[in-house]
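Below is data_39.pdb, holding PDB, C-alpha atoms.
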```pdb
MODEL        1
ATOM      1  CA  MET H 241     -20.898 -10.218 -20.781  1.00  0.00           C
ATOM      2  CA  SER H 242     -17.692  -9.884 -22.796  1.00  0.00           C
ATOM      3  CA  ASP H 243     -15.205  -7.045 -22.411  1.00  0.00           C
ATOM      4  CA  GLU H 244     -16.327  -5.584 -25.759  1.00  0.00           C
ATOM      5  CA  GLU H 245     -19.904  -5.310 -24.514  1.00  0.00           C
ATOM      6  CA  LYS H 246     -18.813  -3.637 -21.252  1.00  0.00           C
ATOM      7  CA  GLN H 247     -16.743  -0.937 -22.895  1.00  0.00           C
ATOM      8  CA  PRO H 248     -19.620   1.042 -24.415  1.00  0.00           C
ATOM      9  CA  GLU H 249     -21.485   0.715 -21.116  1.00  0.00           C
ATOM     10  CA  GLN H 250     -18.466   2.066 -19.184  1.00  0.00           C
ATOM     11  CA  LYS H 251     -18.084   5.000 -21.520  1.00  0.00           C
ATOM     12  CA  GLY H 252     -21.596   6.123 -20.716  1.00  0.00           C
ATOM     13  CA  GLN H 253     -21.205   5.576 -16.961  1.00  0.00           C
ATOM     14  CA  GLY H 254     -18.582   8.188 -16.413  1.00  0.00           C
ATOM     15  CA  PHE H 255     -15.847   8.144 -13.820  1.00  0.00           C
ATOM     16  CA  GLY H 256     -18.130   7.158 -10.914  1.00  0.00           C
ATOM     17  CA  GLY H 257     -19.433   4.088 -12.715  1.00  0.00           C
ATOM     18  CA  VAL H 258     -15.964   2.931 -13.707  1.00  0.00           C
ATOM     19  CA  LEU H 259     -14.745   3.413 -10.158  1.00  0.00           C
ATOM     20  CA  ARG H 260     -17.698   1.430  -8.821  1.00  0.00           C
ATOM     21  CA  ASN H 261     -16.913  -1.434 -11.228  1.00  0.00           C
ATOM     22  CA  VAL H 262     -13.248  -1.455 -10.166  1.00  0.00           C
ATOM     23  CA  VAL H 263     -14.196  -1.501  -6.481  1.00  0.00           C
ATOM     24  CA  GLU H 264     -16.635  -4.367  -7.088  1.00  0.00           C
ATOM     25  CA  ARG H 265     -13.967  -6.386  -8.912  1.00  0.00           C
ATOM     26  CA  VAL H 266     -11.432  -5.747  -6.165  1.00  0.00           C
ATOM     27  CA  GLY H 267     -14.020  -6.798  -3.585  1.00  0.00           C
ATOM     28  CA  GLU H 268     -14.778  -9.998  -5.487  1.00  0.00           C
ATOM     29  CA  THR H 269     -11.056 -10.746  -5.821  1.00  0.00           C
ATOM     30  CA  LEU H 270     -10.484 -10.179  -2.110  1.00  0.00           C
ATOM     31  CA  ASP H 271     -13.459 -12.397  -1.274  1.00  0.00           C
ATOM     32  CA  VAL H 272     -12.133 -15.201  -3.478  1.00  0.00           C
ATOM     33  CA  THR H 273      -8.637 -14.782  -2.013  1.00  0.00           C
ATOM     34  CA  ALA H 274      -9.966 -14.944   1.557  1.00  0.00           C
ATOM     35  CA  LYS H 275     -12.022 -18.040   0.806  1.00  0.00           C
ATOM     36  CA  THR H 276      -9.169 -19.840  -0.959  1.00  0.00           C
ATOM     37  CA  THR H 277      -6.771 -18.938   1.856  1.00  0.00           C
ATOM     38  CA  ARG H 278      -9.179 -20.325   4.440  1.00  0.00           C
ATOM     39  CA  LEU H 279      -9.667 -23.512   2.413  1.00  0.00           C
ATOM     40  CA  SER H 280      -5.888 -23.870   2.023  1.00  0.00           C
ATOM     41  CA  LEU H 281      -5.477 -23.564   5.797  1.00  0.00           C
ATOM     42  CA  ASP H 282      -8.172 -26.207   6.262  1.00  0.00           C
ATOM     43  CA  VAL H 283      -6.355 -28.522   3.848  1.00  0.00           C
ATOM     44  CA  GLY H 284      -3.114 -27.991   5.794  1.00  0.00           C
ATOM     45  CA  ALA H 285      -4.806 -28.824   9.089  1.00  0.00           C
ATOM     46  CA  LEU H 286      -6.403 -31.938   7.584  1.00  0.00           C
ATOM     47  CA  ASN H 287      -3.042 -33.036   6.185  1.00  0.00           C
ATOM     48  CA  ALA H 288      -1.473 -32.617   9.622  1.00  0.00           C
ATOM     49  CA  ARG H 289      -4.239 -34.747  11.182  1.00  0.00           C
ATOM     50  CA  ARG H 290      -3.818 -37.329   8.441  1.00  0.00           C
ATOM     51  CA  ASN H 291      -0.052 -37.486   8.989  1.00  0.00           C
ATOM     52  CA  GLY H 292      -0.648 -37.926  12.717  1.00  0.00           C
ATOM     53  CA  PHE H 293      -2.843 -40.927  11.981  1.00  0.00           C
ATOM     54  CA  PHE H 294      -0.192 -42.338   9.640  1.00  0.00           C
ATOM     55  CA  GLN H 295       2.394 -42.021  12.393  1.00  0.00           C
ATOM     56  CA  GLU H 296       0.122 -43.726  14.878  1.00  0.00           C
ATOM     57  CA  MET H 297      -0.626 -46.496  12.368  1.00  0.00           C
ATOM     58  CA  GLY H 298       3.108 -46.961  11.848  1.00  0.00           C
ATOM     59  CA  ARG H 299       3.673 -47.236  15.594  1.00  0.00           C
ATOM     60  CA  LYS H 300       0.924 -49.846  15.849  1.00  0.00           C
ATOM     61  CA  VAL H 301       2.375 -51.860  12.951  1.00  0.00           C
ATOM     62  CA  TYR H 302       5.831 -51.705  14.545  1.00  0.00           C
ATOM     63  CA  GLU H 303       4.393 -52.912  17.860  1.00  0.00           C
ATOM     64  CA  LEU H 304       2.745 -55.819  16.026  1.00  0.00           C
ATOM     65  CA  TYR H 305       6.071 -56.518  14.274  1.00  0.00           C
ATOM     66  CA  GLY H 306       7.727 -56.822  17.677  1.00  0.00           C
ATOM     67  CA  LYS H 307       5.148 -59.472  18.596  1.00  0.00           C
ATOM     68  CA  GLY H 308       5.691 -61.336  15.294  1.00  0.00           C
ATOM     69  CA  LEU H 309       2.199 -60.493  14.017  1.00  0.00           C
ATOM     70  CA  VAL H 310       3.090 -58.670  10.766  1.00  0.00           C
ATOM     71  CA  LYS H 311       2.839 -60.903   7.686  1.00  0.00           C
ATOM     72  CA  ASN H 312       2.872 -58.362   4.830  1.00  0.00           C
ATOM     73  CA  THR H 313       6.282 -58.516   3.134  1.00  0.00           C
ATOM     74  CA  ALA H 314       6.438 -54.781   2.371  1.00  0.00           C
ATOM     75  CA  LEU H 315       5.632 -53.941   5.993  1.00  0.00           C
ATOM     76  CA  LEU H 316       8.102 -56.569   7.220  1.00  0.00           C
ATOM     77  CA  GLY H 317      10.862 -54.904   5.190  1.00  0.00           C
ATOM     78  CA  MET H 318      10.037 -51.439   6.505  1.00  0.00           C
ATOM     79  CA  CYS H 319       9.838 -52.729  10.084  1.00  0.00           C
ATOM     80  CA  ALA H 320      13.205 -54.431   9.687  1.00  0.00           C
ATOM     81  CA  GLU H 321      14.697 -51.098   8.533  1.00  0.00           C
ATOM     82  CA  VAL H 322      13.219 -49.355  11.576  1.00  0.00           C
ATOM     83  CA  ALA H 323      14.592 -52.100  13.846  1.00  0.00           C
ATOM     84  CA  ALA H 324      18.066 -51.567  12.336  1.00  0.00           C
ATOM     85  CA  ILE H 325      17.772 -47.827  12.955  1.00  0.00           C
ATOM     86  CA  ASP H 326      16.646 -48.515  16.539  1.00  0.00           C
ATOM     87  CA  ALA H 327      19.756 -50.667  17.042  1.00  0.00           C
ATOM     88  CA  GLN H 328      21.990 -47.854  15.725  1.00  0.00           C
ATOM     89  CA  ILE H 329      20.283 -45.354  18.044  1.00  0.00           C
ATOM     90  CA  ALA H 330      20.779 -47.666  21.039  1.00  0.00           C
ATOM     91  CA  GLU H 331      24.457 -48.135  20.121  1.00  0.00           C
ATOM     92  CA  LYS H 332      25.053 -44.379  19.854  1.00  0.00           C
ATOM     93  CA  ARG H 333      23.218 -43.684  23.118  1.00  0.00           C
ATOM     94  CA  ALA H 334      25.368 -46.303  24.856  1.00  0.00           C
ATOM     95  CA  HIS H 335      28.464 -44.644  23.431  1.00  0.00           C
ATOM     96  CA  ILE H 336      27.259 -41.256  24.702  1.00  0.00           C
ATOM     97  CA  ALA H 337      26.658 -42.717  28.173  1.00  0.00           C
ATOM     98  CA  GLU H 338      30.108 -44.309  28.112  1.00  0.00           C
ATOM     99  CA  LEU H 339      31.746 -41.008  27.155  1.00  0.00           C
ATOM    100  CA  ARG H 340      29.857 -39.122  29.828  1.00  0.00           C
ATOM    101  CA  GLY H 341      30.804 -41.739  32.378  1.00  0.00           C
ATOM    102  CA  GLN H 342      34.488 -41.425  31.420  1.00  0.00           C
ATOM    103  CA  GLN H 343      34.340 -37.656  31.688  1.00  0.00           C
ATOM    104  CA  HIS H 344      33.028 -37.819  35.223  1.00  0.00           C
ATOM    105  CA  THR H 345      35.544 -40.442  36.367  1.00  0.00           C
ATOM    106  CA  GLU H 346      38.575 -38.880  34.658  1.00  0.00           C
ATOM    107  CA  GLU H 347      38.029 -35.447  36.145  1.00  0.00           C
ATOM    108  CA  PRO H 348      36.829 -35.883  39.708  1.00  0.00           C
ATOM    109  CA  THR H 349      36.416 -32.455  41.146  1.00  0.00           C
ATOM    110  CA  ALA H 350      35.328 -31.748  44.654  1.00  0.00           C
ATOM    111  CA  PRO H 351      32.764 -29.023  44.962  1.00  0.00           C
ATOM    112  CA  PRO H 352      34.302 -25.794  46.211  1.00  0.00           C
ATOM    113  CA  GLU H 353      34.052 -25.278  49.913  1.00  0.00           C
ATOM    114  CA  GLU H 354      31.152 -23.024  50.699  1.00  0.00           C
ATOM    115  CA  MET H 355      31.872 -20.150  52.988  1.00  0.00           C
ATOM    116  CA  GLY H 356      29.519 -17.871  54.761  1.00  0.00           C
ATOM    117  CA  VAL H 357      29.215 -14.228  53.919  1.00  0.00           C
ATOM    118  CA  GLU H 358      31.493 -13.260  56.791  1.00  0.00           C
ATOM    119  CA  SER H 359      34.132 -15.877  55.920  1.00  0.00           C
ATOM    120  CA  GLU H 360      37.217 -15.118  53.867  1.00  0.00           C
ATOM    121  CA  PRO H 361      39.470 -17.637  52.170  1.00  0.00           C
ATOM    122  CA  GLU H 362      42.831 -18.350  53.747  1.00  0.00           C
ATOM    123  CA  GLY H 363      45.346 -15.609  53.045  1.00  0.00           C
ATOM    124  CA  GLY H 364      42.754 -12.840  52.998  1.00  0.00           C
ATOM    125  CA  ALA H 365      40.432 -11.666  50.264  1.00  0.00           C
ATOM    126  CA  PRO H 366      41.604 -11.902  46.648  1.00  0.00           C
ATOM    127  CA  PRO H 367      42.499  -8.638  44.947  1.00  0.00           C
ATOM    128  CA  THR H 368      39.534  -6.780  43.529  1.00  0.00           C
ATOM    129  CA  SER H 369      41.328  -4.344  41.246  1.00  0.00           C
ATOM    130  CA  GLY H 370      44.678  -3.811  39.521  1.00  0.00           C
ATOM    131  CA  GLN H 371      45.749  -1.504  42.334  1.00  0.00           C
ATOM    132  CA  ASP H 372      45.573  -4.389  44.829  1.00  0.00           C
ATOM    133  CA  LEU H 373      48.285  -6.338  42.937  1.00  0.00           C
ATOM    134  CA  SER H 374      51.999  -5.886  43.355  1.00  0.00           C
ATOM    135  CA  ASP H 375      54.077  -5.554  40.181  1.00  0.00           C
ATOM    136  CA  GLU H 376      55.145  -9.199  40.516  1.00  0.00           C
ATOM    137  CA  GLU H 377      51.523 -10.392  40.951  1.00  0.00           C
ATOM    138  CA  GLU H 378      50.481  -8.266  37.978  1.00  0.00           C
ATOM    139  CA  ARG H 379      53.097  -9.982  35.747  1.00  0.00           C
ATOM    140  CA  GLN H 380      51.893 -13.416  36.863  1.00  0.00           C
ATOM    141  CA  VAL H 381      48.243 -12.665  36.262  1.00  0.00           C
ATOM    142  CA  ARG H 382      48.448 -10.789  32.951  1.00  0.00           C
ATOM    143  CA  PRO H 383      49.661 -12.457  29.761  1.00  0.00           C
ATOM    144  CA  PRO H 384      52.805 -10.970  28.173  1.00  0.00           C
ATOM    145  CA  GLY H 385      52.052  -7.907  26.054  1.00  0.00           C
ATOM    146  CA  ASP H 386      48.743  -7.135  27.846  1.00  0.00           C
ATOM    147  CA  ARG H 387      49.042  -3.585  29.136  1.00  0.00           C
ATOM    148  CA  ARG H 388      45.480  -3.204  30.448  1.00  0.00           C
ATOM    149  CA  LEU H 389      45.035  -2.244  34.065  1.00  0.00           C
TER     150      LEU H 389
ENDMDL
END
```

Written as structure tokens, that's how I'd like the structure from this file.
Amino acid sequence: MSDEEKQPEQKGQGFGGVLRNVVERVGETLDVTAKTTRLSLDVGALNARRNGFFQEMGRKVYELYGKGLVKNTALLGMCAEVAAIDAQIAEKRAHIAELRGQQHTEEPTAPPEEMGVESEPEGGAPPTSGQDLSDEEERQVRPPGDRRL
């Protein structure tokens, strides 16, 4: 039915009929939207599964490349690129390990001596507030210009 044919029908239906038609159209639109949304989610999930299989296939091809079993020139080129990236990763990881090793050897620090709850460090307990410091100790602890107490 075309819009021109519906108009005379709607005029005779009154407000209730028009409202019913609007509600039906909204319902149909919502139904279509819900169905298309669900189908879109299904497509997304299928794409994710598909990509997982592609990744697994790539891993398998790369394993075969490592054994010298890949003969396809396009795959050989891609595997060679991945092997070059693997070499760069290994180089950077070795550099990281070297830097971490240097850090630990350049700054050997002994763990602080653990003391029991009843123990106090030599010289008594450290000051716990500004009132525990002498004027001289206050000047040593606070940076110049800091007037906080």

ask   = How many Å separate CA of Asn287 (chain H) from CA of Ala314 (chain H)?
value =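 CA of Ala314 (chain H) lies 24.0 Å from CA of Asn287 (chain H).
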
task = List every protein, DNA or RNA residue with an atom no more than 12 Å from (6.2, -49.1, 16.2) in the file's coordinates, counting all atoms listed in the file, and format the result as a PyMOL selection string.
result = chain H and resi 294-307+310+315-316+318-323+326

Distance in Å - CA of Ile336 (chain H) versus CA of Ala324 (chain H) =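 Computing the Euclidean distance for CA of Ile336 (chain H) and CA of Ala324 (chain H) yields 18.5 Å.
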